[in-house]
Every structure is written in C-alpha cells, then in structure tokens.
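Asker: Supplied structure: structure_12.txt, compact mmCIF, C-alpha atoms.
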```txt
# COMPACT_ATOMS: atom_id res chain seq x y z
CA MET A 1071 3.28 -83.83 35.91
CA ALA A 1072 1.78 -82.83 39.20
CA GLY A 1073 0.01 -85.35 41.35
CA VAL A 1074 1.65 -88.39 39.78
CA ILE A 1075 2.53 -90.06 43.01
CA ALA A 1076 1.69 -89.44 46.62
CA GLY A 1077 4.65 -88.20 48.60
CA PRO A 1078 5.83 -89.56 51.93
CA GLN A 1079 4.79 -87.97 55.17
CA PRO A 1080 6.92 -85.07 56.38
CA SER A 1081 8.22 -87.16 59.25
CA ASP A 1082 10.01 -89.39 56.76
CA PRO A 1083 13.70 -89.23 57.70
CA LEU A 1084 14.63 -89.14 54.04
CA THR A 1085 13.25 -85.64 53.83
CA ASN A 1086 15.90 -84.45 56.23
CA TYR A 1087 18.57 -82.43 54.56
CA ARG A 1088 22.22 -82.25 55.35
CA PHE A 1089 21.89 -78.86 57.02
CA GLY A 1090 19.38 -79.93 59.59
CA VAL A 1091 16.25 -81.85 60.33
CA SER A 1092 13.13 -80.25 59.00
CA THR A 1093 10.24 -80.45 61.40
CA ASN A 1094 8.02 -78.23 59.29
CA PRO A 1095 4.76 -79.65 58.01
CA LEU A 1096 4.45 -80.57 54.36
CA PRO A 1097 3.89 -77.26 52.52
CA GLU A 1098 0.40 -77.00 51.13
CA THR A 1099 1.29 -74.80 48.17
CA GLN A 1100 4.25 -73.69 46.10
CA LEU A 1101 6.13 -70.60 47.16
CA PRO A 1102 4.60 -67.33 45.91
CA ALA A 1103 5.66 -66.47 42.40
CA GLY A 1104 6.59 -63.10 40.99
CA ARG A 1105 8.18 -59.96 42.27
CA TYR A 1106 8.63 -58.90 45.85
CA PRO A 1107 5.22 -57.87 47.21
CA ALA A 1108 6.43 -54.66 48.83
CA ALA A 1109 7.46 -53.33 45.42
CA THR A 1110 4.29 -51.24 45.10
CA THR A 1111 5.21 -48.84 47.87
CA THR A 1112 8.95 -49.36 47.89
CA VAL A 1113 9.22 -48.49 44.20
CA TRP A 1114 8.45 -44.86 44.89
CA MET A 1115 10.56 -44.65 48.02
CA VAL A 1116 13.57 -46.11 46.23
CA SER A 1117 12.94 -43.98 43.15
CA ILE A 1118 13.00 -40.79 45.19
CA LEU A 1119 16.04 -41.95 47.16
CA VAL A 1120 17.95 -42.78 43.98
CA LEU A 1121 17.05 -39.53 42.28
CA VAL A 1122 18.02 -37.43 45.31
CA THR A 1123 21.28 -39.33 45.74
CA GLU A 1124 22.15 -39.00 42.12
CA ALA A 1125 21.33 -35.31 42.12
CA VAL A 1126 23.64 -34.77 45.09
CA LEU A 1127 26.40 -36.79 43.43
CA ALA A 1128 25.93 -35.02 40.11
CA PHE A 1129 26.36 -31.58 41.69
CA GLY A 1130 29.35 -32.81 43.67
CA ILE A 1131 30.42 -31.28 46.95
CA PRO A 1132 30.61 -27.52 47.38
CA GLY A 1133 33.91 -25.85 46.68
CA PRO A 1134 36.03 -23.99 49.24
CA MET B 166 9.81 -99.02 43.95
CA THR B 167 12.34 -99.22 41.12
CA VAL B 168 14.07 -96.26 39.66
CA THR B 169 15.19 -96.49 36.03
CA PRO B 170 17.93 -94.12 34.98
CA GLY B 171 17.05 -92.04 31.94
CA ALA B 172 13.36 -92.88 32.11
CA PRO B 173 10.80 -90.17 32.73
CA SER B 174 10.72 -89.62 36.45
CA PRO B 175 7.17 -89.17 37.72
CA LEU B 176 8.52 -89.70 41.21
CA PHE B 177 7.43 -86.45 42.69
CA ALA B 178 4.37 -84.28 42.91
CA LEU B 179 4.04 -80.54 42.65
CA PRO B 180 1.93 -78.78 45.27
CA PRO B 181 -0.70 -76.43 43.87
CA PRO B 182 0.42 -72.86 43.16
CA THR B 183 -0.35 -70.07 45.58
CA ALA B 184 -3.18 -67.66 44.95
CA VAL B 185 -2.38 -64.90 42.48
CA GLU B 186 -1.39 -61.68 44.23
CA THR B 187 -2.15 -58.19 43.06
CA ARG B 188 1.03 -56.23 42.58
CA GLY B 189 1.80 -52.67 41.75
CA PRO B 190 3.46 -51.63 38.51
CA ALA B 191 7.18 -52.12 38.15
CA TRP B 192 7.71 -49.50 35.45
CA PRO B 193 8.80 -46.68 37.82
CA LEU B 194 11.60 -48.90 39.07
CA TRP B 195 12.55 -49.84 35.52
CA VAL B 196 12.76 -46.14 34.67
CA VAL B 197 15.07 -45.57 37.64
CA TYR B 198 17.17 -48.60 36.73
CA VAL B 199 17.57 -47.83 33.04
CA ALA B 200 18.12 -44.10 33.58
CA SER B 201 20.75 -44.76 36.28
CA VAL B 202 22.68 -47.34 34.26
CA VAL B 203 22.59 -45.42 30.98
CA THR B 204 23.57 -42.08 32.52
CA GLY B 205 26.21 -43.81 34.66
CA LEU B 206 27.74 -45.40 31.56
CA ALA B 207 27.65 -42.02 29.81
CA ILE B 208 29.52 -40.40 32.72
CA LEU B 209 32.04 -43.24 32.63
CA ALA B 210 32.53 -42.96 28.88
CA GLY B 211 33.02 -39.21 29.16
CA SER B 212 35.59 -39.66 31.91
CA ILE B 213 37.75 -42.39 30.41
CA GLY B 214 37.17 -41.83 26.69
CA GLY B 215 40.31 -39.73 26.43
CA SER B 216 42.43 -42.36 28.20
CA ILE B 217 41.14 -45.09 25.89
CA ALA B 218 41.98 -42.99 22.84
CA GLN B 219 45.56 -42.55 24.10
CA THR B 220 46.20 -46.24 24.71
CA PRO B 221 43.65 -48.27 22.73
CA ALA B 222 45.69 -51.48 22.76
CA VAL B 223 46.21 -51.42 26.54
CA ALA B 224 42.54 -50.53 27.04
CA ALA B 225 41.39 -53.47 24.90
CA ALA B 226 43.77 -55.87 26.64
CA SER B 227 42.69 -54.58 30.05
CA ALA B 228 39.00 -55.06 29.25
CA ALA B 229 39.67 -58.55 27.89
CA LEU B 230 41.83 -59.68 30.82
CA PHE B 231 39.66 -58.27 33.60
CA GLY B 232 36.54 -59.42 31.76
CA ALA B 233 37.91 -62.96 31.50
CA PHE B 234 38.80 -63.05 35.18
CA GLY B 235 35.35 -61.64 35.95
CA ALA B 236 33.83 -64.56 34.05
CA VAL B 237 35.74 -66.97 36.29
CA CYS B 238 34.43 -65.12 39.37
CA ALA B 239 30.87 -65.27 37.98
CA TRP B 240 31.25 -69.03 37.45
CA LEU B 241 32.24 -69.39 41.11
CA LEU B 242 29.38 -67.16 42.30
CA ASN B 243 26.96 -69.37 40.36
CA LYS B 244 27.97 -72.24 42.66
CA ILE B 245 26.68 -70.52 45.79
CA HIS B 246 23.03 -71.50 45.48
CA TYR B 247 22.21 -75.12 46.18
CA PHE B 248 18.42 -75.08 46.03
CA TRP B 249 17.08 -72.40 43.73
CA PRO B 250 19.43 -70.19 41.71
CA LEU B 251 18.77 -66.61 40.78
CA ARG B 252 17.54 -66.11 37.23
CA ARG B 253 20.29 -65.18 34.81
CA ASN B 254 18.48 -61.91 34.02
CA THR B 255 18.68 -60.89 37.67
CA LYS B 256 22.42 -61.51 37.79
CA VAL B 257 22.92 -59.55 34.56
CA LEU B 258 20.85 -56.66 35.96
CA ALA B 259 22.99 -56.68 39.10
CA ALA B 260 26.31 -56.73 37.23
CA LEU B 261 25.15 -53.96 34.88
CA TRP B 262 24.14 -51.76 37.80
CA GLY B 263 27.55 -52.26 39.37
CA ALA B 264 29.37 -51.65 36.08
CA GLY B 265 27.30 -48.66 34.96
CA ALA B 266 25.27 -46.80 37.55
CA ALA B 267 27.46 -47.42 40.60
CA THR B 268 30.82 -46.75 38.92
CA GLY B 269 29.62 -43.75 36.92
CA TYR B 270 28.10 -41.80 39.79
CA ALA B 271 30.75 -42.86 42.28
CA LEU B 272 33.41 -41.66 39.85
CA LEU B 273 31.68 -38.29 39.61
CA ALA B 274 31.57 -37.92 43.39
CA ASN B 275 35.12 -39.23 43.85
CA ILE B 276 36.46 -36.69 41.36
CA ALA B 277 34.61 -33.90 43.19
CA ILE B 278 36.10 -35.02 46.51
CA TYR B 279 39.57 -35.38 44.99
CA GLU B 280 39.48 -31.85 43.58
CA TYR B 281 38.19 -30.48 46.88
CA LEU B 282 41.03 -32.13 48.80
CA ALA B 283 43.65 -31.42 46.13
CA ASP B 284 43.00 -27.70 46.55
CA ARG B 285 44.07 -28.20 50.17
CA GLY B 286 47.15 -30.22 49.25
CA ASP B 287 45.75 -33.58 50.32
CA GLY B 288 44.52 -35.07 47.04
CA PRO B 289 45.43 -38.72 47.79
CA GLY B 290 43.15 -38.63 50.83
CA TRP B 291 40.12 -39.00 48.53
CA SER B 292 40.30 -42.79 48.65
CA VAL B 293 39.28 -42.83 52.32
CA PHE B 294 36.00 -41.19 51.28
CA ALA B 295 35.40 -43.61 48.40
CA ALA B 296 33.54 -46.01 50.68
CA PHE B 297 30.93 -43.31 51.35
CA THR B 298 30.29 -42.71 47.66
CA GLU B 299 30.55 -46.25 46.31
CA GLU B 300 28.75 -48.29 48.96
CA PRO B 301 25.46 -46.32 48.88
CA MET B 302 25.25 -46.58 45.10
CA LYS B 303 25.94 -50.32 45.17
CA GLY B 304 23.45 -50.77 48.02
CA LEU B 305 20.73 -48.95 46.08
CA GLY B 306 21.43 -51.26 43.17
CA ILE B 307 20.90 -54.30 45.39
CA VAL B 308 17.51 -52.99 46.53
CA VAL B 309 16.44 -52.08 42.99
CA VAL B 310 17.52 -55.41 41.51
CA LEU B 311 15.94 -57.47 44.29
CA LEU B 312 12.66 -55.62 43.77
CA LEU B 313 12.86 -56.02 39.99
CA ALA B 314 13.73 -59.74 40.10
CA ALA B 315 11.15 -61.86 38.30
CA THR B 316 11.18 -64.22 41.28
CA ARG B 317 11.18 -62.48 44.63
CA PRO B 318 14.12 -63.06 46.98
CA ARG B 319 13.55 -66.19 49.04
CA THR B 320 16.35 -65.94 51.57
CA ALA B 321 19.22 -63.63 52.46
CA LEU B 322 21.44 -65.77 50.22
CA ASP B 323 19.69 -64.25 47.18
CA GLY B 324 20.83 -60.84 48.37
CA LEU B 325 24.38 -62.05 48.92
CA VAL B 326 24.56 -63.30 45.32
CA VAL B 327 22.92 -60.15 43.90
CA GLY B 328 25.33 -58.02 45.94
CA SER B 329 28.28 -60.08 44.77
CA PHE B 330 27.28 -59.58 41.14
CA VAL B 331 26.83 -55.83 41.69
CA GLY B 332 30.32 -55.85 43.24
CA LEU B 333 31.69 -57.94 40.37
CA GLY B 334 30.41 -55.50 37.74
CA PHE B 335 31.81 -52.60 39.76
CA GLU B 336 35.17 -54.29 40.25
CA ILE B 337 35.70 -55.14 36.57
CA VAL B 338 35.06 -51.54 35.47
CA GLU B 339 37.08 -50.09 38.34
CA ASN B 340 40.01 -52.34 37.46
CA VAL B 341 39.91 -51.30 33.82
CA VAL B 342 39.78 -47.61 34.75
CA GLN B 343 42.56 -47.88 37.33
CA SER B 344 44.78 -49.97 35.06
CA LEU B 345 44.38 -47.37 32.31
CA ASN B 346 45.30 -44.55 34.69
CA ASN B 347 48.30 -46.52 35.98
CA ALA B 348 49.43 -47.38 32.46
CA LEU B 349 49.21 -43.76 31.34
CA ALA B 350 51.20 -42.69 34.40
CA SER B 351 54.04 -45.11 33.72
CA PRO B 352 55.27 -44.84 30.15
CA PRO B 353 57.00 -46.69 28.53
CA ASP B 354 56.17 -49.59 30.85
CA GLN B 355 52.43 -49.60 30.16
CA TRP B 356 52.23 -53.34 29.58
CA ALA B 357 54.22 -54.06 32.73
CA SER B 358 51.83 -51.79 34.62
CA LEU B 359 48.81 -53.66 33.24
CA THR B 360 50.39 -57.02 34.12
CA THR B 361 50.98 -55.85 37.67
CA ASP B 362 47.38 -54.72 38.01
CA VAL B 363 46.04 -58.03 36.69
CA VAL B 364 48.22 -60.04 39.08
CA HIS B 365 47.12 -57.76 41.92
CA GLU B 366 43.48 -58.37 41.06
CA VAL B 367 43.85 -62.15 40.90
CA LEU B 368 45.98 -62.51 44.03
CA ARG B 369 44.34 -59.98 46.35
CA ARG B 370 41.61 -57.64 45.22
CA SER B 371 39.21 -60.28 43.96
CA TRP B 372 38.76 -61.97 47.34
CA THR B 373 39.01 -58.89 49.54
CA GLY B 374 37.25 -56.28 47.45
CA HIS B 375 33.90 -55.26 46.02
CA ILE B 376 32.56 -58.78 45.42
CA VAL B 377 32.94 -59.79 49.06
CA ILE B 378 32.04 -56.42 50.59
CA THR B 379 28.92 -55.89 48.48
CA GLY B 380 27.90 -59.50 49.03
CA ILE B 381 27.85 -58.88 52.78
CA ALA B 382 25.71 -55.76 52.30
CA GLY B 383 23.40 -57.72 49.98
CA PHE B 384 22.94 -60.42 52.59
CA GLY B 385 21.87 -57.77 55.10
CA ILE B 386 19.43 -56.07 52.71
CA ALA B 387 17.81 -59.34 51.66
CA TYR B 388 17.68 -60.52 55.28
CA ALA B 389 15.66 -57.42 56.17
CA MET B 390 13.34 -58.18 53.25
CA THR B 391 12.88 -61.92 53.71
CA ALA B 392 13.29 -62.89 57.39
CA ARG B 393 9.58 -62.47 58.07
CA HIS B 394 9.70 -64.95 60.92
CA ARG B 395 11.86 -62.51 62.91
CA ALA B 396 10.73 -59.40 64.74
CA THR B 397 10.87 -56.27 62.58
CA VAL B 398 13.43 -54.64 64.85
CA GLN B 399 15.70 -57.66 64.67
CA ARG B 400 15.40 -57.94 60.89
CA TRP B 401 16.33 -54.33 60.31
CA ALA B 402 19.02 -54.35 62.99
CA VAL B 403 20.76 -57.26 61.24
CA GLY B 404 20.30 -55.60 57.85
CA VAL B 405 21.68 -52.23 58.94
CA ALA B 406 24.54 -53.86 60.86
CA LEU B 407 25.68 -55.83 57.83
CA VAL B 408 25.46 -52.81 55.53
CA LEU B 409 27.56 -50.83 58.04
CA LEU B 410 29.99 -53.73 58.34
CA ALA B 411 30.41 -53.70 54.56
CA LEU B 412 31.09 -49.96 54.74
CA ALA B 413 33.66 -50.53 57.48
CA GLY B 414 35.25 -53.30 55.42
CA HIS B 415 35.57 -50.92 52.50
CA LEU B 416 37.08 -48.23 54.74
CA LEU B 417 39.65 -50.71 56.02
CA TRP B 418 40.35 -51.93 52.50
CA ASN B 419 41.09 -48.40 51.29
CA SER B 420 42.98 -47.32 54.40
CA HIS B 421 46.18 -49.37 53.89
CA ARG B 422 46.88 -48.78 57.57
CA PHE B 423 46.84 -50.66 60.86
CA GLY B 424 49.65 -53.05 59.97
CA VAL B 425 48.87 -56.65 60.76
CA PHE B 426 45.26 -55.77 61.58
CA TYR B 427 44.84 -54.65 57.99
CA VAL B 428 45.84 -58.11 56.77
CA LEU B 429 43.78 -59.86 59.43
CA GLY B 430 40.82 -57.66 58.54
CA GLN B 431 41.02 -58.77 54.91
CA PHE B 432 41.03 -62.44 55.88
CA GLY B 433 38.31 -61.78 58.45
CA THR B 434 36.07 -60.14 55.84
CA LEU B 435 36.47 -63.11 53.51
CA ALA B 436 35.85 -65.58 56.33
CA PHE B 437 32.71 -63.69 57.32
CA TYR B 438 31.48 -63.73 53.72
CA LEU B 439 32.01 -67.50 53.52
CA TRP B 440 30.22 -67.95 56.83
CA LEU B 441 27.27 -65.91 55.53
CA ILE B 442 27.08 -68.27 52.54
CA ARG B 443 26.82 -71.16 54.99
CA VAL B 444 24.11 -69.36 57.00
CA GLY B 445 22.23 -68.57 53.80
CA ARG B 446 22.38 -72.18 52.65
CA ALA B 447 20.99 -73.27 56.00
CA GLN B 448 18.13 -70.77 55.55
CA GLU B 449 17.48 -72.24 52.12
CA ALA B 450 17.50 -75.75 53.55
CA ARG B 451 14.90 -74.79 56.17
CA LEU B 452 12.71 -73.23 53.48
CA TYR B 453 12.96 -75.95 50.83
CA SER B 454 13.59 -79.24 52.62
CA PRO B 455 9.92 -79.72 53.55
CA TYR B 456 9.14 -79.81 49.82
CA LEU B 457 11.08 -83.06 49.58
CA GLY B 458 8.01 -84.53 51.21
CA TYR B 459 6.48 -84.41 47.72
CA ALA B 460 9.19 -86.74 46.35
CA ALA B 461 9.03 -90.53 46.40
CA PRO B 462 11.22 -92.14 49.08
CA ALA B 463 13.08 -94.23 46.50
CA LEU B 464 14.28 -91.04 44.88
CA LEU B 465 15.85 -89.82 48.09
CA GLN B 466 17.89 -92.89 49.03
CA THR B 467 21.41 -91.69 49.71
CA PRO B 468 24.04 -93.59 47.73
CA SER B 469 27.38 -94.53 49.19
CA GLY B 470 30.74 -93.48 47.84
CA GLY B 471 31.74 -90.58 45.64
CA THR B 472 28.31 -89.75 44.27
CA ARG B 473 26.98 -88.66 47.65
CA ARG B 474 27.95 -85.02 47.20
CA LYS B 475 26.35 -84.91 43.74
CA HIS B 476 23.30 -86.61 45.20
CA ARG B 477 22.95 -83.90 47.87
CA ARG B 478 23.15 -81.18 45.23
CA SER B 479 20.53 -82.91 43.08
CA ARG B 480 18.26 -83.39 46.06
CA ALA B 481 18.57 -79.72 46.90
CA ARG B 482 17.75 -78.80 43.29
CA LEU B 483 14.71 -81.07 43.40
CA ALA B 484 13.45 -79.44 46.59
CA GLY B 485 13.92 -75.96 45.10
CA ALA B 486 12.17 -76.93 41.87
CA ILE B 487 9.19 -78.46 43.69
CA GLY B 488 8.89 -75.43 45.97
CA ASN B 489 8.91 -73.08 42.99
CA GLY B 490 6.75 -75.25 40.74
CA ASP B 491 9.43 -75.71 38.05
CA ILE B 492 8.52 -79.08 36.53
CA GLY B 493 11.41 -79.12 34.02
CA ARG B 494 14.08 -78.47 36.62
CA ALA B 495 12.44 -80.97 38.98
CA HIS B 496 12.54 -83.69 36.30
CA ALA B 497 16.21 -82.96 35.58
CA ALA B 498 17.03 -83.18 39.30
CA ALA B 499 14.99 -86.38 39.66
CA ASP B 500 16.84 -87.96 36.73
CA ALA B 501 20.17 -87.02 38.28
CA LEU B 502 19.05 -88.50 41.59
CA ALA B 503 17.90 -91.71 39.90
CA LYS B 504 21.26 -92.12 38.19
CA ALA B 505 23.18 -91.43 41.40
CA THR B 506 21.06 -93.94 43.32
CA ALA B 507 21.43 -96.65 40.65
CA ARG B 508 25.25 -96.54 40.80
```
Have the structure of the file written as structure tokens, please.

Answerer:
Amino acid sequence: MAGVIAGPQPSDPLTNYRFGVSTNPLPETQLPAGRYPAATTTVWMVSILVLVTEAVLAFGIPGP
Amino acid sequence: MTVTPGAPSPLFALPPPTAVETRGPAWPLWVVYVASVVTGLAILAGSIGGSIAQTPAVAAASAALFGAFGAVCAWLLNKIHYFWPLRRNTKVLAALWGAGAATGYALLANIAIYEYLADRGDGPGWSVFAAFTEEPMKGLGIVVVLLLAATRPRTALDGLVVGSFVGLGFEIVENVVQSLNNALASPPDQWASLTTDVVHEVLRRSWTGHIVITGIAGFGIAYAMTARHRATVQRWAVGVALVLLALAGHLLWNSHRFGVFYVLGQFGTLAFYLWLIRVGRAQEARLYSPYLGYAAPALLQTPSGGTRRKHRRSRARLAGAIGNGDIGRAHAAADALAKATAR
C-alpha cells in the first residue's frame, strides 16, 4: 500500500513522459476527489437554463 | 532493484489524499438530468411509435445495426484516455443524455421549424436550423454530465470524451429515426433503404457527424472548467470559440453546399478533433507525469522492441492511478510495467 518505497526525486529523467519533460515538483497530495467544486452554484444556473430552454423548445416557434 | 513479474508490486507510493472539501448538493442537477432524459425519451417514443408499429422488423434491425456500430465507436472512444479514464457511469450518463434528452427536445423543435417553413413552401430548409436546436441541447448535456461526474473533470480531454459520448448517443437514435423515415418513404425497398443508411453511417457520418462535432464542443466546455492556470478571459474565449466552431461544423455538415470546401471542411473537422485529442493527452501528461516520481526507478525502465508502446500506456496508467489514489489500478499498471520490463 502507500508508503512502501520512497520514490525518486522529480528530476529523475525516468519520470519524463513521452509528451514532454515534466519540470513540476513532486506533487504533495493526490488530486482532489469528487465532483466539480463549482457544482454548488452552477447547479442552479444550469437548472434554470435547461428548464427555460426546454420550455422554449416545448412550445415551439410561433406560427405565421 | 529486481522486478518479478506477477509478484505483488510495492514499487510505488501513494501521496496522501487532499483535504475533504465541502460541496453543495447534487440532487437539483439529478432532477434536471432525469427529468430531461425521461421526458425526452417520451417525446421520442410519441413521435416514432407509429413508424415502429408500421415496420417493426426494419425498426428492430435498424436499432440492432446502428447499436452494434455504436458499440464499435464506443470501443474506439474508450482508447482516447491514456492516463485516467472516465468512469463508465459518466459515459453512460453522457450517451443517455444524447440519446434521450437531446434527441427528444431537438426533434420537437425541428418539427416546429419544419412546419413553420413548410407553410411557406420551404420545408426542406429546416435542416439548416437543426444545428441551432441540437447543439445547445447537447452542450447542456456536456455541462450537466461533467458536473455530475463522480470524479471531476481533470483536463479538457474529459470534456472531449463526454461530448463524444453525448454525440454517439444522439447519432445512434438519429440514425434509427432517419432510417425508419427513409424506409417508410421507399416501399417496397425498405431493406435496401436501411442498408444504404447503414453504409452511409459507417463510411461518412460516423467520422464527420455528431461524435466529432460534440467532442469539439466538449473539449471547449471542459477547457473553460479545468484550465485554471490560464486567465479567465482566455479560458472562456477558448471554450466559447470551440463551441461556436462545433456549431459551424454542424451548419456546414447540414448545408451540403460549397462544393469541394464541403468535403475539405469534413476532413478538416476530423483533423481538428484528432489534434484536440493530442492536445488533451499532452495536458494529461503535464498533470500526471509528476506523479511518476512516486514510482521506483526500476519500474520505469523503458524496454526495447515491440513492448515499448504497451510500456508507455502502462506508465501513463500508473501515473493516473497514483495521482487519483487508485491502489488497485496502480498495482495492475505496475504489474504490466514489470512484465514489459522483464521481456
């Protein structure tokens, strides 16, 4: 599991990937887990947008 | 250090997890998602139920053939991610939005536009407006699915894949509906009509249509969400530009005009999509490669010969698994790397 072996330093050339040399420091933590953080506010914005759009589509365009 | 194939591979470490974040409830978005998909499917069923009843055998064959080809496309789309794939649930959510919500409501709007134009003697002109009804619904689906995803989007490539699956779901249903309409319009050659539509899908529509177009829009939306290292204006400018480009691609696709530029535009759209995949993979590499610093050097020795490509893929998977704290996937990738290195 975690912490079994100490990793090499980030300058180790073996850490370089095909797409380019990484000069970033060794990450201190995993990437954040879970849903997108902006969901709290965006949920309502998207909800309203979807409902309005669907209402417009449902009524169709006005006749001649 | 020796690496034994098949043995447990404690040749990497996992960094500690990030601090737990407080997040708002997701249920409002789930309500929007479920309501949109269910009502969209109901609209669809109401619209094509009569056609299915008239030609049940053709309808079943159409669903089976386009569904099978869609499975092949999904298999290919699953190859796009090198480092950290989208969860299967996210891809299913995306495809269902495309197949249900986007097609149902777009159909409703398209019929309204068709009837409006038909009253003026220009019914066929509706297809030029289809981009304005279909693209917004697919785009909303991308936003909703990316926000609902159990793991937040990491790079713009996540959006490209979500968009492609929304487009795939849309395309399968659209093909079935169109093939039914074509078959009903061409008795007694209904099977010939269906065969023509399937060949058309395989040879042209699949690589110029909704999958590619919506993938480009998805890349833009996810770029705006994830490229935090860029200025806000730049992030949103790229996002809006790609969504508009997808809209323009759809307009061109439906126009059937401009001669050779029409053909070049199709190839150009595909080439741009493939280039975006490359850009997205480079973004992933920048994000995940530093996590290889947690792996033992012996694990990362590049073999010579034919296993090199497989080794690169496994190394990418290891980096993604370490970065996301997935010990099982990291062990599987480490085992694959150990085997490749031992050869």

Asker: Could you state the separation of atom CA of Leu242 of chain B and atom CA of Val326 of chain B in Å, given to one decimal place?

Answerer: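 That distance, rounded to one decimal, is 6.9 Å.
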
Asker: Give the residues of chain B that lie within 6 Å of chain A; count all atoms listed in the file, and format the answer as a list in words.

Answerer: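 Selected residues: Pro175, Ala178, Leu179, Pro180, Pro181, Pro182, Thr183, Gly189, Leu194, Ala274, Ala277, Leu312, Ala314, Ala315, Thr316, Arg317, Ala447, Pro455, Leu457, Gly458, Tyr459, Ala460, Ala461, Gly488 and Asn489 of chain B.
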
Asker: State, in Å with one decimal place, the distance from atom CA of Ser292 of chain B to atom CA of Arg422 of chain B.

Answerer: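 One can read the atom CA of Ser292 of chain B to atom CA of Arg422 of chain B distance as 12.6 Å.
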
Asker: Tell me, in Å to one decimal, how far atom CA of Val444 of chain B is from atom CA of Gly324 of chain B.

Answerer: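 Taking atom CA of Val444 of chain B and atom CA of Gly324 of chain B, their separation equals 12.6 Å.
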
Asker: Select, from B:Phe177, B:Phe231, B:Phe248, B:Trp262, the residue with the minimum atom-to-atom distance to Asn340 of chain B, counting all atoms listed in the file.

Answerer: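 Looking only at the distances to Asn340 of chain B, the closest residue turns out to be B:Phe231.
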
Asker: Choose the residue, out of B:Leu502, B:Asn275, B:Gly332, B:Ala184, that has the smallest atom-to-atom separation from Arg474 of chain B; count all atoms listed in the file.

Answerer: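 Nearest candidate to Arg474 of chain B out of B:Leu502, B:Asn275, B:Gly332, B:Ala184: B:Leu502.
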
Asker: Which residues, written as a ChimeraX atom specification, have at least one atom at most 8 Å from Leu483 of chain B, with only C-alpha atoms counted and residues fewer than 6 positions away on the same chain left out?

Answerer: /B:248,457,494-496,498-499

Asker: Residues at most 12 Å from Thr360 of chain B, counting all atoms listed in the file, excluding those fewer than 5 positions away in the same chain, as a list in words?

Answerer: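 Listed by chain and then number, they are Val223, Ala226, Ser227, Leu230, Phe231, Asn340, Val341, Ser344, Leu345, Asn347, Ala348, Asp354, Gln355, His365, Glu366 and Val367 of chain B.
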
Asker: Which of these, B:Gly306, B:Pro301, B:Pro318, B:Pro353, has the shortest distance to Val408 of chain B once you count all atoms listed in the file?

Answerer: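 Under the stated criterion, the closest residue is B:Pro301.
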
Asker: Between B:Gln399, B:Thr320, B:Thr361, B:Ser212, which residue has the minimum interatomic distance to Ile276 of chain B, considering all atoms listed in the file?

Answerer: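 Nearest to Ile276 of chain B: B:Ser212.
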
Asker: Could you give me the axis-aligned bounding box of segment 453-469 of chain B, with 8 Å of padding per side, as centre plus edge lengths in Å to one decimal, as lines of an AutoDock Vina configuration file?

Answerer:
```
center_x = 16.9
center_y = -85.2
center_z = 49.2
size_x = 36.9
size_y = 34.6
size_z = 24.7
```

Asker: Which of these residues is nearest to Val199 of chain B, using all atoms listed in the file: B:Leu322, B:Leu349, B:Leu272, B:Leu313?

Answerer: B:Leu313

Asker: Between B:Asn419, B:Thr187, B:Ser201, B:Ser351, which one has atoms that come closest to Ala296 of chain B, using all atoms listed in the file?

Answerer: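 Once distances to Ala296 of chain B are computed over all atoms listed in the file, the minimum belongs to B:Asn419.
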